[in-house]
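Before any comments, here is the structure.
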Amino acid sequence: MFAGLPPDTLARIQQRCAWCRYEPGEPIVDYLDTSSDVYFIASGEARATIYSVAGKAVIYCDLRPGEMFGEVAAIDGAPRSASIEARTRCVVASISAAAFWEILQSEPAVTQALLRNFAAKIRQLTTRVYEFSALAVSNRIQAEILRLAGSAPRQGKAAHIGAAPTHAEIASRTSTHREAVSREFNRLSRIGVIEQRGRTLIVKDIDRLTTMVREVTGE
């Protein structure tokens, strides 16, 4: 969000931030909370989740260093749309909604970055809605693995996804159950597309997985 700003501007923004540390599993923001601060992850990872009345977790996304959350509540004044909790040890900076608005009004580059960020999120959500509505469970799982591989280190045609989500977490992201994820992982392993080594998931042939997903999405 702040890439390219002059050092003195960055220093002024930093002075207006409050800084907190969070341990794994510790809540940062609660679903439907009426606070309006905006948060920036300096180190560690967090997760956006909503829990159903029955306690089922619906995972929206993982947030990594440099990413922001809480901006929607700061803009529209409505309650929080998801819970955010630390996935690892985190250092998080927060700034008030009023200060955030001042930055948007005085720094056009930040406003442009925010708009690009919103556009990317809309595209991601549009894709997810399509997948939930039109794809079979196995195809949704394949698409999720391909998304994870997209941000993982590459070695030729392979991608190594370190600290990969558990089968239960992938089930939550793809609106299915853990057993279905395990079955699809076993099938993809048998045909040589993926390999699991502890918490590391290796996509052995990204090109092949990409073709499998494109065949059902038409992209």
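Lettering and numbering for the structure tokens are positional, with chains as A, B, ... in the shown order, residues counted from 1 in each chain, and ligands counted from 1 in the shown order.
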If we count only C-alpha atoms and set the cut-off at 9 Å, which residues sit around Ala73 of chain A, ignoring sequence neighbours fewer than 3 positions away in its own chain? Please answer as a list in words. Thr34, Ser35, Ser36, Asp37, Val38, Gly70, Asp76, Gly77, Ala78, Pro79, Arg80, Ser81 and Ala97 of chain A
Picked from segment 43-199 of chain A by DSSP as strand (DSSP E), as a ChimeraX atom specification: /A:43,46-51,57-63,68-69,83-86,90-95,154-155,158-161,194-197
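Each of A:Leu188, A:Glu71, A:Ala82, A:Gln112 was compared to Ala98 of chain A using only C-alpha atoms, and A:Glu71 turns out to be the nearest.
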What's around Arg128 of chain A at 9 Å? Count only C-alpha atoms, leave out sequence neighbours fewer than 4 positions away in its own chain, and write the answer as an mmCIF file with C-alpha atoms, in the first residue's frame.
data_model
loop_
_atom_site.group_PDB
_atom_site.id
_atom_site.type_symbol
_atom_site.label_atom_id
_atom_site.label_comp_id
_atom_site.auth_asym_id
_atom_site.auth_seq_id
_atom_site.Cartn_x
_atom_site.Cartn_y
_atom_site.Cartn_z
ATOM 1 C CA ARG A 123 -11.795 -10.849 -9.170
ATOM 2 C CA GLN A 124 -10.770 -13.477 -6.612
ATOM 3 C CA PHE A 132 -18.585 -23.115 -5.867
ATOM 4 C CA SER A 133 -21.491 -22.842 -8.295
ATOM 5 C CA ARG A 140 -12.459 -27.043 -6.731
ATOM 6 C CA THR A 174 -13.483 -25.359 -1.079
#
Please, which residues of segment 65-216 of chain A, numbered as in this document, come out helix (DSSP H, G or I) from DSSP, as a ChimeraX atom specification? /A:71-76,97-106,108-134,137-150,167-173,178-190,206-216
Choose the residue, out of A:Phe2, A:Tyr22, A:Phe69, A:Phe100, that has the smallest atom-to-atom separation from Gly44 of chain A; count only C-alpha atoms. A:Tyr22
Excluding Arg89 of chain A and its own-chain neighbours fewer than 3 positions away, which residues fall within 12 Å of it when counting only C-alpha atoms? Please give them as a ChimeraX atom specification. /A:20-28,41-47,64-65,85-86,92
Please produce a file of those selected residues containing C-alpha atoms, as a short mmCIF file (atom, residue, chain, number, x, y, z; two decimals), in the first residue's frame.
data_model
loop_
_atom_site.label_atom_id
_atom_site.label_comp_id
_atom_site.auth_asym_id
_atom_site.auth_seq_id
_atom_site.Cartn_x
_atom_site.Cartn_y
_atom_site.Cartn_z
CA CYS A 20 1.00 -5.13 18.73
CA ARG A 21 2.34 -8.68 18.84
CA TYR A 22 0.06 -11.71 18.55
CA GLU A 23 0.65 -15.38 19.25
CA PRO A 24 -0.63 -18.19 16.97
CA GLY A 25 -4.39 -18.58 17.31
CA GLU A 26 -4.82 -15.24 19.09
CA PRO A 27 -7.72 -13.11 17.77
CA ILE A 28 -6.88 -9.74 16.23
CA ILE A 41 0.92 -7.10 8.88
CA ALA A 42 4.59 -6.30 9.45
CA SER A 43 5.66 -9.91 10.08
CA GLY A 44 4.01 -13.31 10.43
CA GLU A 45 0.72 -14.52 8.95
CA ALA A 46 -2.95 -14.14 9.85
CA ARG A 47 -6.17 -15.74 8.62
CA ARG A 64 0.99 -12.33 4.76
CA PRO A 65 3.56 -9.62 5.54
CA GLU A 85 -6.64 -14.37 13.93
CA ALA A 86 -2.90 -14.88 14.00
CA VAL A 92 0.74 -5.89 13.36
#
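Atom CA of Met1 of chain A is positioned 7.9 Å from atom CA of Gly66 of chain A.
Shortest separation to Arg173 of chain A among A:Asp62, A:Glu215, A:Glu195, A:Glu107 occurs at residue A:Asp62, atoms counted being only C-alpha atoms.
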Could you list, as a PyMOL selection string, every residue within 10 Å of segment 202-211 of chain A, counting only C-alpha atoms and ignoring same-chain residues fewer than 5 positions away? chain A and resi 142-143+145-150+152+154-162+164+188-189+192-197+216-219
Let me see the file: selected residues, N, CA and C atoms, as a PDB file, in the first residue's frame.
ATOM      1  N   GLN A 142      -8.560 -29.001  -6.989  1.00  0.00           N
ATOM      2  CA  GLN A 142      -7.459 -28.764  -7.933  1.00  0.00           C
ATOM      3  C   GLN A 142      -7.184 -27.272  -8.097  1.00  0.00           C
ATOM      4  N   ALA A 143      -8.252 -26.478  -8.209  1.00  0.00           N
ATOM      5  CA  ALA A 143      -8.088 -25.032  -8.375  1.00  0.00           C
ATOM      6  C   ALA A 143      -7.439 -24.403  -7.152  1.00  0.00           C
ATOM      7  N   ILE A 145      -5.347 -25.928  -5.036  1.00  0.00           N
ATOM      8  CA  ILE A 145      -3.929 -26.303  -5.052  1.00  0.00           C
ATOM      9  C   ILE A 145      -3.158 -25.431  -6.037  1.00  0.00           C
ATOM     10  N   LEU A 146      -3.767 -25.163  -7.195  1.00  0.00           N
ATOM     11  CA  LEU A 146      -3.109 -24.324  -8.195  1.00  0.00           C
ATOM     12  C   LEU A 146      -2.909 -22.908  -7.663  1.00  0.00           C
ATOM     13  N   ARG A 147      -3.876 -22.372  -6.907  1.00  0.00           N
ATOM     14  CA  ARG A 147      -3.722 -21.045  -6.304  1.00  0.00           C
ATOM     15  C   ARG A 147      -2.560 -21.035  -5.318  1.00  0.00           C
ATOM     16  N   LEU A 148      -2.477 -22.079  -4.497  1.00  0.00           N
ATOM     17  CA  LEU A 148      -1.381 -22.163  -3.528  1.00  0.00           C
ATOM     18  C   LEU A 148      -0.034 -22.236  -4.242  1.00  0.00           C
ATOM     19  N   ALA A 149       0.005 -22.988  -5.333  1.00  0.00           N
ATOM     20  CA  ALA A 149       1.255 -23.133  -6.087  1.00  0.00           C
ATOM     21  C   ALA A 149       1.678 -21.823  -6.724  1.00  0.00           C
ATOM     22  N   GLY A 150       0.695 -20.972  -7.041  1.00  0.00           N
ATOM     23  CA  GLY A 150       1.001 -19.714  -7.708  1.00  0.00           C
ATOM     24  C   GLY A 150       1.861 -18.785  -6.894  1.00  0.00           C
ATOM     25  N   ALA A 152       4.037 -20.002  -4.487  1.00  0.00           N
ATOM     26  CA  ALA A 152       5.092 -20.824  -3.878  1.00  0.00           C
ATOM     27  C   ALA A 152       6.369 -20.780  -4.721  1.00  0.00           C
ATOM     28  N   ARG A 154       9.283 -21.795  -7.140  1.00  0.00           N
ATOM     29  CA  ARG A 154       9.280 -22.703  -8.285  1.00  0.00           C
ATOM     30  C   ARG A 154      10.656 -23.333  -8.480  1.00  0.00           C
ATOM     31  N   GLN A 155      10.657 -24.586  -8.895  1.00  0.00           N
ATOM     32  CA  GLN A 155      11.858 -25.290  -9.339  1.00  0.00           C
ATOM     33  C   GLN A 155      11.504 -26.002 -10.636  1.00  0.00           C
ATOM     34  N   GLY A 156      11.746 -25.334 -11.754  1.00  0.00           N
ATOM     35  CA  GLY A 156      11.327 -25.896 -13.031  1.00  0.00           C
ATOM     36  C   GLY A 156       9.819 -25.934 -13.113  1.00  0.00           C
ATOM     37  N   LYS A 157       9.265 -27.126 -13.388  1.00  0.00           N
ATOM     38  CA  LYS A 157       7.816 -27.289 -13.476  1.00  0.00           C
ATOM     39  C   LYS A 157       7.168 -27.536 -12.127  1.00  0.00           C
ATOM     40  N   ALA A 158       7.978 -27.608 -11.067  1.00  0.00           N
ATOM     41  CA  ALA A 158       7.460 -27.947  -9.743  1.00  0.00           C
ATOM     42  C   ALA A 158       7.368 -26.708  -8.859  1.00  0.00           C
ATOM     43  N   ALA A 159       6.432 -26.758  -7.889  1.00  0.00           N
ATOM     44  CA  ALA A 159       6.301 -25.720  -6.871  1.00  0.00           C
ATOM     45  C   ALA A 159       6.280 -26.391  -5.511  1.00  0.00           C
ATOM     46  N   HIS A 160       7.011 -25.814  -4.567  1.00  0.00           N
ATOM     47  CA  HIS A 160       7.086 -26.370  -3.219  1.00  0.00           C
ATOM     48  C   HIS A 160       6.299 -25.458  -2.270  1.00  0.00           C
ATOM     49  N   ILE A 161       5.181 -25.963  -1.774  1.00  0.00           N
ATOM     50  CA  ILE A 161       4.300 -25.195  -0.891  1.00  0.00           C
ATOM     51  C   ILE A 161       4.660 -25.568   0.546  1.00  0.00           C
ATOM     52  N   GLY A 162       5.467 -24.737   1.196  1.00  0.00           N
ATOM     53  CA  GLY A 162       5.861 -25.007   2.571  1.00  0.00           C
ATOM     54  C   GLY A 162       4.739 -24.686   3.542  1.00  0.00           C
ATOM     55  N   ALA A 164       2.033 -26.195   4.120  1.00  0.00           N
ATOM     56  CA  ALA A 164       0.788 -26.239   3.339  1.00  0.00           C
ATOM     57  C   ALA A 164      -0.423 -26.369   4.256  1.00  0.00           C
ATOM     58  N   LEU A 188      -4.405 -37.469  -7.082  1.00  0.00           N
ATOM     59  CA  LEU A 188      -3.396 -36.632  -7.730  1.00  0.00           C
ATOM     60  C   LEU A 188      -1.989 -37.156  -7.471  1.00  0.00           C
ATOM     61  N   SER A 189      -1.782 -37.759  -6.324  1.00  0.00           N
ATOM     62  CA  SER A 189      -0.481 -38.373  -6.029  1.00  0.00           C
ATOM     63  C   SER A 189      -0.236 -39.584  -6.917  1.00  0.00           C
ATOM     64  N   GLY A 192       0.833 -38.656 -10.343  1.00  0.00           N
ATOM     65  CA  GLY A 192       2.096 -37.932 -10.425  1.00  0.00           C
ATOM     66  C   GLY A 192       2.008 -36.421 -10.482  1.00  0.00           C
ATOM     67  N   VAL A 193       0.869 -35.855 -10.088  1.00  0.00           N
ATOM     68  CA  VAL A 193       0.726 -34.397 -10.136  1.00  0.00           C
ATOM     69  C   VAL A 193       1.254 -33.744  -8.864  1.00  0.00           C
ATOM     70  N   ILE A 194       1.019 -34.364  -7.705  1.00  0.00           N
ATOM     71  CA  ILE A 194       1.470 -33.793  -6.439  1.00  0.00           C
ATOM     72  C   ILE A 194       2.195 -34.855  -5.621  1.00  0.00           C
ATOM     73  N   GLU A 195       2.897 -34.381  -4.601  1.00  0.00           N
ATOM     74  CA  GLU A 195       3.552 -35.262  -3.633  1.00  0.00           C
ATOM     75  C   GLU A 195       3.565 -34.549  -2.294  1.00  0.00           C
ATOM     76  N   GLN A 196       3.181 -35.258  -1.239  1.00  0.00           N
ATOM     77  CA  GLN A 196       3.159 -34.659   0.097  1.00  0.00           C
ATOM     78  C   GLN A 196       4.356 -35.185   0.882  1.00  0.00           C
ATOM     79  N   ARG A 197       5.153 -34.241   1.437  1.00  0.00           N
ATOM     80  CA  ARG A 197       6.274 -34.581   2.302  1.00  0.00           C
ATOM     81  C   ARG A 197       6.109 -33.838   3.610  1.00  0.00           C
ATOM     82  N   VAL A 216     -11.873 -27.481 -17.142  1.00  0.00           N
ATOM     83  CA  VAL A 216     -13.202 -27.406 -16.537  1.00  0.00           C
ATOM     84  C   VAL A 216     -13.681 -25.966 -16.350  1.00  0.00           C
ATOM     85  N   THR A 217     -12.749 -24.997 -16.369  1.00  0.00           N
ATOM     86  CA  THR A 217     -13.160 -23.597 -16.188  1.00  0.00           C
ATOM     87  C   THR A 217     -13.273 -22.858 -17.500  1.00  0.00           C
ATOM     88  N   GLY A 218     -12.589 -23.373 -18.541  1.00  0.00           N
ATOM     89  CA  GLY A 218     -12.594 -22.702 -19.821  1.00  0.00           C
ATOM     90  C   GLY A 218     -11.718 -21.490 -19.890  1.00  0.00           C
ATOM     91  N   GLU A 219     -10.862 -21.291 -18.897  1.00  0.00           N
ATOM     92  CA  GLU A 219      -9.990 -20.092 -18.894  1.00  0.00           C
ATOM     93  C   GLU A 219      -8.814 -20.278 -19.820  1.00  0.00           C
TER      94      GLU A 219
END
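The smallest atom-to-atom distance between Trp101 of chain A and any of A:Phe40, A:Trp19, A:Leu125, A:Val72, using only C-alpha atoms, is found for A:Val72.
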Residue with smallest distance to Ala48 of chain A - pool A:Ala119, A:Ala134, A:Ser172, A:Glu144, counting only C-alpha atoms: A:Ser172
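With only C-alpha atoms as the atoms that count, the residue of A:Ile170, A:Ala113, A:Met68, A:Leu63 with the shortest distance to Leu5 of chain A is A:Ala113.
Interatomic distance, atom CA of Thr111 of chain A against atom CA of Val91 of chain A: 24.0 Å.
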